[in-house]
Each structure stands twice: as structure tokens, then as C-alpha cells.
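Source file: protein-v9.cif; contents: mmCIF, C-alpha atoms; chains and numbers go by the auth columns.
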```
data_upload
#
loop_
_atom_site.group_PDB
_atom_site.id
_atom_site.type_symbol
_atom_site.label_atom_id
_atom_site.label_comp_id
_atom_site.label_asym_id
_atom_site.label_seq_id
_atom_site.Cartn_x
_atom_site.Cartn_y
_atom_site.Cartn_z
_atom_site.B_iso_or_equiv
_atom_site.auth_seq_id
_atom_site.auth_asym_id
ATOM 1 C CA MET A 1 -2.268 22.509 -0.643 0.00 1 A
ATOM 2 C CA THR A 2 0.280 25.303 -0.656 0.00 2 A
ATOM 3 C CA ASP A 3 2.514 23.491 1.822 0.00 3 A
ATOM 4 C CA VAL A 4 2.813 20.353 -0.282 0.00 4 A
ATOM 5 C CA THR A 5 6.220 20.128 -1.849 0.00 5 A
ATOM 6 C CA ASN A 6 6.802 18.583 -5.232 0.00 6 A
ATOM 7 C CA GLU A 7 8.876 15.980 -3.453 0.00 7 A
ATOM 8 C CA THR A 8 5.864 15.093 -1.310 0.00 8 A
ATOM 9 C CA LEU A 9 3.794 14.388 -4.414 0.00 9 A
ATOM 10 C CA ARG A 10 6.432 12.014 -5.726 0.00 10 A
ATOM 11 C CA ARG A 11 7.106 10.294 -2.409 0.00 11 A
ATOM 12 C CA TRP A 12 3.442 9.885 -1.650 0.00 12 A
ATOM 13 C CA ARG A 13 2.784 8.360 -5.101 0.00 13 A
ATOM 14 C CA GLN A 14 5.687 5.988 -4.678 0.00 14 A
ATOM 15 C CA SER A 15 4.606 5.065 -1.150 0.00 15 A
ATOM 16 C CA GLN A 16 1.348 3.860 -2.708 0.00 16 A
ATOM 17 C CA GLY A 17 3.348 1.742 -5.142 0.00 17 A
ATOM 18 C CA TRP A 18 1.924 3.672 -8.071 0.00 18 A
ATOM 19 C CA ASP A 19 3.836 4.481 -11.240 0.00 19 A
ATOM 20 C CA VAL A 20 3.064 7.683 -13.140 0.00 20 A
ATOM 21 C CA PRO A 21 0.442 6.103 -15.461 0.00 21 A
ATOM 22 C CA ARG A 22 -1.357 4.707 -12.394 0.00 22 A
ATOM 23 C CA MET A 23 -1.301 8.149 -10.749 0.00 23 A
ATOM 24 C CA ALA A 24 -2.781 9.561 -13.957 0.00 24 A
ATOM 25 C CA ARG A 25 -5.543 6.950 -13.871 0.00 25 A
ATOM 26 C CA GLU A 26 -6.291 7.749 -10.223 0.00 26 A
ATOM 27 C CA LEU A 27 -6.524 11.465 -10.992 0.00 27 A
ATOM 28 C CA ARG A 28 -8.864 10.794 -13.901 0.00 28 A
ATOM 29 C CA LYS A 29 -10.962 8.457 -11.769 0.00 29 A
ATOM 30 C CA ALA A 30 -11.243 11.065 -8.992 0.00 30 A
ATOM 31 C CA ALA A 31 -12.219 13.660 -11.601 0.00 31 A
ATOM 32 C CA ARG A 32 -14.798 11.341 -13.141 0.00 32 A
ATOM 33 C CA ASP A 33 -16.304 10.630 -9.706 0.00 33 A
ATOM 34 C CA SER A 34 -16.755 14.331 -9.092 0.00 34 A
ATOM 35 C CA GLY A 35 -17.931 15.088 -12.618 0.00 35 A
ATOM 36 C CA GLU A 36 -14.937 17.193 -13.623 0.00 36 A
ATOM 37 C CA ASP A 37 -13.046 17.400 -16.878 0.00 37 A
ATOM 38 C CA VAL A 38 -9.311 16.876 -16.761 0.00 38 A
ATOM 39 C CA ALA A 39 -6.541 16.337 -19.267 0.00 39 A
ATOM 40 C CA ALA A 40 -6.353 13.105 -21.218 0.00 40 A
ATOM 41 C CA HIS A 41 -4.343 10.231 -19.788 0.00 41 A
ATOM 42 C CA HIS A 42 -1.265 10.882 -21.926 0.00 42 A
ATOM 43 C CA GLY A 43 -1.356 14.567 -20.992 0.00 43 A
ATOM 44 C CA LEU A 44 -1.399 13.738 -17.289 0.00 44 A
ATOM 45 C CA VAL A 45 1.429 11.267 -17.766 0.00 45 A
ATOM 46 C CA LYS A 46 3.496 14.182 -19.070 0.00 46 A
ATOM 47 C CA MET A 47 2.334 16.677 -16.444 0.00 47 A
ATOM 48 C CA ILE A 48 2.748 14.554 -13.306 0.00 48 A
ATOM 49 C CA PRO A 49 6.570 14.302 -13.559 0.00 49 A
ATOM 50 C CA GLN A 50 6.689 18.052 -14.200 0.00 50 A
ATOM 51 C CA TRP A 51 4.670 18.707 -11.045 0.00 51 A
ATOM 52 C CA GLU A 52 6.845 16.314 -9.066 0.00 52 A
ATOM 53 C CA ARG A 53 10.061 17.917 -10.314 0.00 53 A
ATOM 54 C CA GLY A 54 8.731 21.385 -9.581 0.00 54 A
ATOM 55 C CA ASN A 55 8.968 22.500 -13.193 0.00 55 A
ATOM 56 C CA ARG A 56 5.376 23.631 -12.927 0.00 56 A
ATOM 57 C CA ALA A 57 2.712 23.743 -10.242 0.00 57 A
ATOM 58 C CA PRO A 58 -0.542 21.820 -10.598 0.00 58 A
ATOM 59 C CA ARG A 59 -3.588 24.021 -11.138 0.00 59 A
ATOM 60 C CA GLU A 60 -6.186 24.241 -8.413 0.00 60 A
ATOM 61 C CA ARG A 61 -8.471 21.550 -9.831 0.00 61 A
ATOM 62 C CA TYR A 62 -5.557 19.100 -9.880 0.00 62 A
ATOM 63 C CA ARG A 63 -4.475 20.095 -6.373 0.00 63 A
ATOM 64 C CA LEU A 64 -8.007 19.384 -5.177 0.00 64 A
ATOM 65 C CA LEU A 65 -8.030 16.039 -6.960 0.00 65 A
ATOM 66 C CA TYR A 66 -4.727 15.124 -5.290 0.00 66 A
ATOM 67 C CA LEU A 67 -6.237 16.025 -1.927 0.00 67 A
ATOM 68 C CA LYS A 68 -9.272 13.886 -2.632 0.00 68 A
ATOM 69 C CA ILE A 69 -7.072 10.928 -3.521 0.00 69 A
ATOM 70 C CA PHE A 70 -4.816 11.477 -0.484 0.00 70 A
ATOM 71 C CA THR A 71 -7.801 11.633 1.833 0.00 71 A
ATOM 72 C CA ASP A 72 -9.572 8.654 0.309 0.00 72 A
ATOM 73 C CA ALA A 73 -6.408 6.558 0.343 0.00 73 A
ATOM 74 C CA LEU A 74 -5.773 7.247 4.002 0.00 74 A
ATOM 75 C CA GLY A 75 -9.422 6.786 4.833 0.00 75 A
ATOM 76 C CA GLY A 76 -11.573 7.711 7.757 0.00 76 A
ATOM 77 C CA LEU A 77 -10.167 11.154 8.407 0.00 77 A
ATOM 78 C CA PRO A 78 -12.478 14.138 8.677 0.00 78 A
ATOM 79 C CA HIS A 79 -12.536 16.697 5.895 0.00 79 A
ATOM 80 C CA GLY A 80 -11.511 20.311 6.279 0.00 80 A
ATOM 81 C CA MET A 81 -8.316 22.291 6.161 0.00 81 A
ATOM 82 C CA ASP A 82 -7.049 20.970 9.491 0.00 82 A
ATOM 83 C CA ALA A 83 -7.609 17.417 8.336 0.00 83 A
ATOM 84 C CA VAL A 84 -5.850 18.168 5.059 0.00 84 A
ATOM 85 C CA ASP A 85 -2.714 19.134 6.966 0.00 85 A
ATOM 86 C CA LEU A 86 -2.930 15.915 8.933 0.00 86 A
ATOM 87 C CA VAL A 87 -3.485 13.793 5.831 0.00 87 A
ATOM 88 C CA LEU A 88 -0.471 15.311 4.106 0.00 88 A
ATOM 89 C CA ARG A 89 1.728 14.991 7.167 0.00 89 A
ATOM 90 C CA LEU A 90 0.654 11.403 7.577 0.00 90 A
ATOM 91 C CA ALA A 91 1.406 10.661 3.933 0.00 91 A
ATOM 92 C CA GLU A 92 4.812 12.305 4.214 0.00 92 A
ATOM 93 C CA VAL A 93 5.874 10.493 7.387 0.00 93 A
ATOM 94 C CA ARG A 94 4.607 7.160 6.073 0.00 94 A
ATOM 95 C CA SER A 95 6.595 7.698 2.931 0.00 95 A
ATOM 96 C CA ARG A 96 9.732 8.417 4.977 0.00 96 A
ATOM 97 C CA ALA A 97 9.106 5.335 7.107 0.00 97 A
ATOM 98 C CA ALA A 98 8.809 3.208 3.982 0.00 98 A
ATOM 99 C CA SER A 99 12.210 4.499 2.820 0.00 99 A
ATOM 100 C CA LEU A 100 14.049 3.450 5.987 0.00 100 A
ATOM 101 C CA PRO A 101 16.550 0.605 5.805 0.00 101 A
ATOM 102 C CA GLY A 102 15.676 -2.630 7.561 0.00 102 A
ATOM 103 C CA PRO A 103 17.468 -4.044 10.621 0.00 103 A
ATOM 104 C CA GLY A 104 19.673 -6.198 8.385 0.00 104 A
ATOM 105 C CA GLN A 105 20.848 -3.184 6.428 0.00 105 A
ATOM 106 C CA ILE A 106 21.584 -1.297 9.651 0.00 106 A
ATOM 107 C CA ARG A 107 23.582 -4.283 10.921 0.00 107 A
ATOM 108 C CA ALA A 108 25.500 -4.299 7.641 0.00 108 A
ATOM 109 C CA LEU A 109 26.318 -0.608 8.070 0.00 109 A
ATOM 110 C CA GLU A 110 27.394 -1.274 11.645 0.00 110 A
ATOM 111 C CA GLY A 111 29.642 -4.112 10.527 0.00 111 A
ATOM 112 C CA ALA A 112 31.223 -2.025 7.791 0.00 112 A
ATOM 113 C CA ALA A 113 31.800 0.862 10.200 0.00 113 A
ATOM 114 C CA LEU A 114 33.359 -1.444 12.790 0.00 114 A
ATOM 115 C CA ALA A 115 35.643 -2.950 10.171 0.00 115 A
ATOM 116 C CA LYS A 116 37.040 0.395 9.145 0.00 116 A
ATOM 117 C CA PRO A 117 40.197 1.522 10.865 0.00 117 A
ATOM 118 C CA GLY A 118 40.699 4.994 12.285 0.00 118 A
ATOM 119 C CA GLN A 119 37.071 5.735 13.126 0.00 119 A
ATOM 120 C CA THR A 120 36.151 8.852 15.057 0.00 120 A
ATOM 121 C CA MET A 121 33.815 6.735 17.194 0.00 121 A
ATOM 122 C CA THR A 122 34.722 3.825 19.417 0.00 122 A
ATOM 123 C CA PRO A 123 33.356 0.347 18.547 0.00 123 A
ATOM 124 C CA ALA A 124 31.049 0.586 21.553 0.00 124 A
ATOM 125 C CA GLU A 125 29.670 3.876 20.297 0.00 125 A
ATOM 126 C CA ILE A 126 29.121 2.446 16.816 0.00 126 A
ATOM 127 C CA ARG A 127 27.315 -0.568 18.266 0.00 127 A
ATOM 128 C CA ALA A 128 25.188 1.693 20.455 0.00 128 A
ATOM 129 C CA LEU A 129 24.288 3.817 17.432 0.00 129 A
ATOM 130 C CA ALA A 130 23.138 0.754 15.491 0.00 130 A
ATOM 131 C CA GLU A 131 21.199 -0.558 18.491 0.00 131 A
ATOM 132 C CA GLN A 132 19.509 2.794 18.864 0.00 132 A
ATOM 133 C CA ALA A 133 18.553 2.845 15.188 0.00 133 A
ATOM 134 C CA ILE A 134 17.079 -0.659 15.358 0.00 134 A
ATOM 135 C CA ALA A 135 15.203 0.114 18.582 0.00 135 A
ATOM 136 C CA HIS A 136 13.610 3.136 16.952 0.00 136 A
ATOM 137 C CA LEU A 137 12.897 1.045 13.864 0.00 137 A
ATOM 138 C CA HIS A 138 10.827 -1.294 16.034 0.00 138 A
ATOM 139 C CA GLN A 139 9.011 1.727 17.434 0.00 139 A
ATOM 140 C CA VAL A 140 8.314 2.867 13.864 0.00 140 A
ATOM 141 C CA ALA A 141 6.779 -0.515 13.053 0.00 141 A
ATOM 142 C CA GLY A 142 4.622 -0.314 16.177 0.00 142 A
ATOM 143 C CA LYS A 143 3.423 3.199 15.394 0.00 143 A
ATOM 144 C CA LEU A 144 2.621 2.248 11.793 0.00 144 A
ATOM 145 C CA ALA A 145 0.505 -0.645 13.044 0.00 145 A
ATOM 146 C CA GLU A 146 -1.181 1.636 15.567 0.00 146 A
ATOM 147 C CA LEU A 147 -1.960 4.127 12.830 0.00 147 A
ATOM 148 C CA SER A 148 -3.354 1.470 10.536 0.00 148 A
ATOM 149 C CA ALA A 149 -5.631 0.290 13.331 0.00 149 A
ATOM 150 C CA LEU A 150 -6.767 3.845 14.039 0.00 150 A
ATOM 151 C CA LEU A 151 -7.410 4.541 10.378 0.00 151 A
ATOM 152 C CA GLY A 152 -9.012 1.179 9.795 0.00 152 A
ATOM 153 C CA ASP A 153 -7.086 0.779 6.593 0.00 153 A
ATOM 154 C CA ASP A 154 -5.163 -2.106 5.128 0.00 154 A
ATOM 155 C CA GLN A 155 -2.014 -0.258 4.199 0.00 155 A
ATOM 156 C CA ALA A 156 0.135 -1.690 6.958 0.00 156 A
ATOM 157 C CA GLY A 157 1.426 -4.300 4.568 0.00 157 A
ATOM 158 C CA GLN A 158 2.697 -1.583 2.264 0.00 158 A
ATOM 159 C CA ASP A 159 4.719 0.109 4.969 0.00 159 A
ATOM 160 C CA LYS A 160 8.134 -0.827 6.130 0.00 160 A
ATOM 161 C CA PRO A 161 9.597 -1.883 8.377 0.00 161 A
ATOM 162 C CA MET B 1 -11.702 17.707 16.627 0.00 1 B
ATOM 163 C CA ASN B 2 -12.602 14.478 18.386 0.00 2 B
ATOM 164 C CA ALA B 3 -10.532 12.160 20.549 0.00 3 B
ATOM 165 C CA ARG B 4 -9.740 9.851 17.639 0.00 4 B
ATOM 166 C CA ASP B 5 -8.317 12.689 15.558 0.00 5 B
ATOM 167 C CA ASP B 6 -6.228 13.812 18.517 0.00 6 B
ATOM 168 C CA LYS B 7 -4.942 10.275 18.912 0.00 7 B
ATOM 169 C CA ILE B 8 -4.046 10.089 15.209 0.00 8 B
ATOM 170 C CA ARG B 9 -2.146 13.379 15.500 0.00 9 B
ATOM 171 C CA GLN B 10 -0.309 12.095 18.539 0.00 10 B
ATOM 172 C CA VAL B 11 0.681 8.827 16.850 0.00 11 B
ATOM 173 C CA VAL B 12 1.786 10.659 13.698 0.00 12 B
ATOM 174 C CA ALA B 13 3.972 12.949 15.830 0.00 13 B
ATOM 175 C CA GLU B 14 5.495 9.958 17.632 0.00 14 B
ATOM 176 C CA LEU B 15 6.042 8.143 14.345 0.00 15 B
ATOM 177 C CA ASP B 16 7.699 11.248 12.916 0.00 16 B
ATOM 178 C CA ALA B 17 10.059 11.405 15.913 0.00 17 B
ATOM 179 C CA HIS B 18 11.049 7.727 15.661 0.00 18 B
ATOM 180 C CA VAL B 19 11.572 7.971 11.903 0.00 19 B
ATOM 181 C CA ALA B 20 13.787 11.024 12.464 0.00 20 B
ATOM 182 C CA GLU B 21 15.835 9.095 15.055 0.00 21 B
ATOM 183 C CA VAL B 22 16.401 6.207 12.632 0.00 22 B
ATOM 184 C CA GLU B 23 17.292 8.605 9.824 0.00 23 B
ATOM 185 C CA ALA B 24 19.801 10.407 12.054 0.00 24 B
ATOM 186 C CA SER B 25 21.450 7.197 13.274 0.00 25 B
ATOM 187 C CA VAL B 26 21.672 5.762 9.769 0.00 26 B
ATOM 188 C CA ALA B 27 23.116 9.038 8.484 0.00 27 B
ATOM 189 C CA ALA B 28 25.738 8.916 11.251 0.00 28 B
ATOM 190 C CA LEU B 29 26.688 5.324 10.346 0.00 29 B
ATOM 191 C CA LYS B 30 26.930 6.226 6.669 0.00 30 B
ATOM 192 C CA ALA B 31 29.054 9.250 7.535 0.00 31 B
ATOM 193 C CA LEU B 32 31.512 6.957 9.313 0.00 32 B
ATOM 194 C CA LEU B 33 31.874 4.957 6.112 0.00 33 B
ATOM 195 C CA ALA B 34 32.102 8.022 3.895 0.00 34 B
ATOM 196 C CA SER B 35 34.817 9.576 6.077 0.00 35 B
ATOM 197 C CA ASP B 36 37.206 6.939 4.847 0.00 36 B
ATOM 198 C CA GLU B 37 36.702 7.851 1.212 0.00 37 B
ATOM 199 C CA VAL B 38 39.088 10.821 1.314 0.00 38 B
ATOM 200 C CA PRO B 39 41.925 9.841 -1.014 0.00 39 B
ATOM 201 C CA ALA B 40 45.189 9.113 0.716 0.00 40 B
ATOM 202 C CA GLU B 41 48.055 11.485 0.117 0.00 41 B
ATOM 203 C CA GLU B 42 50.390 10.398 -2.619 0.00 42 B
ATOM 204 C CA GLU B 43 53.763 9.343 -1.458 0.00 43 B
ATOM 205 C CA ASP B 44 56.596 11.680 -2.230 0.00 44 B
ATOM 206 C CA PRO B 45 58.646 9.880 -4.900 0.00 45 B
ATOM 207 C CA SER B 46 61.813 11.747 -3.945 0.00 46 B
#
```
Can you present the structure in this file as C-alpha cells?
Amino acid sequence: MTDVTNETLRRWRQSQGWDVPRMARELRKAARDSGEDVAAHHGLVKMIPQWERGNRAPRERYRLLYLKIFTDALGGLPHGMDAVDLVLRLAEVRSRAASLPGPGQIRALEGAALAKPGQTMTPAEIRALAEQAIAHLHQVAGKLAELSALLGDDQAGQDKP
Amino acid sequence: MNARDDKIRQVVAELDAHVAEVEASVAALKALLASDEVPAEEEDPS
């Protein structure tokens, strides 16, 4: 998991809707399932933010537990290093998709940009930019649904848009 | 690597591209709004 950034750990956790104590519980559950000893709950609650901020790197056993949770949460993917890369990329892109503004927010940005005098873009260009963003947003929704169907999971409801 | 895995990779790549397009367009719209935040020059009182 050398290519996983600290930011990825945080964004992935948040994309699951998990707070830090929940992440700690999931790590302890994954450890219990595989018969491993890990830090106590309160210790993990302190360590997880440190890992996510990059103050310290998780040890190998915790990296492996994260991978197990990532893989299980995304479901149905094969195991192995190649699959690990895919799981992490999938988690990262899903997290980014969940952070996108909705069509209403894009329309609000468009309206605010159009209302401002002295823009470097013409109104037509601003409208086209907003249209383009919304069109791609629809494509994002379609691809998320396609992925959920492929993975056979029920996470589509957690994803935006 | 089976056909399903290949399909997942393909869809992830397409999703990544569409997300990047939305991010870029939204960043451009926000930049238009931010460009107006440069403080206006003070009028010369003389």
C-alpha cells in the first residue's frame, strides 16, 4: 500500500460515512476476524488522525487491515497486488465523485459568474462551461451506477451525484 | 484478469475522466468568481 496517500485514507473513510471511532471499530473487527492483535480502541482513535495527516505511517499490519477493509467494502474484486491497485483507485475516484457539487450548485456558480461584471469569459462561454460540467456530472452518475452493478454492491446510494 | 475485471477497470477510468472534467469546469467557474476579489485601487484623495 505504498502508493496510498494519507489523504486517500481520510477521503476513503469519509466516503464510507465513517467517523474516526467507526474506522477504529472496523480496524479492530478486521483484526479480530483474522486473529490479530491490534491497539485498543482509544489508541486507534488517536493513531488514525495521525496516519491521515501524514504525521506517521501505519505499520504493515495496519496497512494490511486497511486493505482488507477496502477490499471487503468494495466487494467482489479479486485479491492480489493488481486488484489492490484497482480497489484503491476505485475508492479514490468514488471519494472524489462524492465530493463534487450537484447540478444546483453548478447553476448557482454559473449565475454568480454571469452576474459579475468584467469577466474574462463571455456569457455564452460561461453557460457552456456550466453545461459541460452538468453533462459530465450526469456521466459520473451513470458510471457510478454501472460500477455498483458490476460490483454487486449497494453503495450507489452513498455516492453523489 | 477476467473480462469483468477489465470492464471494472474501464469504467473506473471513464469515471475518473468524467470526474476530472467536472472538477476542471467547477474550478474554472470558481476562478471567475475569485478573480473579482482583488481589492480595488484606492482613489487618490488629492
Counting only C-alpha atoms, the residue of A:Leu114, A:Leu109, A:Ala97, A:Lys46 that sits nearest Glu21 of chain B: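 Answer, going by the shortest atom-to-atom distance: A:Ala97.
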Given the PyMOL selection byres ((chain B) within 8 of (chain A)), the residues it picks as a PyMOL selection string: chain B and resi 4-5+8-9+11-12+14-16+18-19+21-23+25-26+29-30+32-33+36
Please write the residues picked by the PyMOL selection byres ((chain A and resi 47-57) around 6) on this file as a CSV table (one decimal) with C-alpha atoms, keeping the file's coordinate frame.
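This went into selection.csv:
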```csv
chain,number,residue,atom,x,y,z
A,6,ASN,CA,6.8,18.6,-5.2
A,7,GLU,CA,8.9,16.0,-3.5
A,9,LEU,CA,3.8,14.4,-4.4
A,10,ARG,CA,6.4,12.0,-5.7
A,44,LEU,CA,-1.4,13.7,-17.3
A,45,VAL,CA,1.4,11.3,-17.8
A,46,LYS,CA,3.5,14.2,-19.1
A,58,PRO,CA,-0.5,21.8,-10.6
```
Interatomic distance, atom CA of Gly152 of chain A to atom CA of Asp72 of chain A (Å, one decimal): 12.1 Å
Nearby residues (only C-alpha atoms) at most 12 Å from Leu65 of chain A, same-chain spacing under 5 positions excluded, as a PyMOL selection string: chain A and resi 1+23-38+58-60+70-72
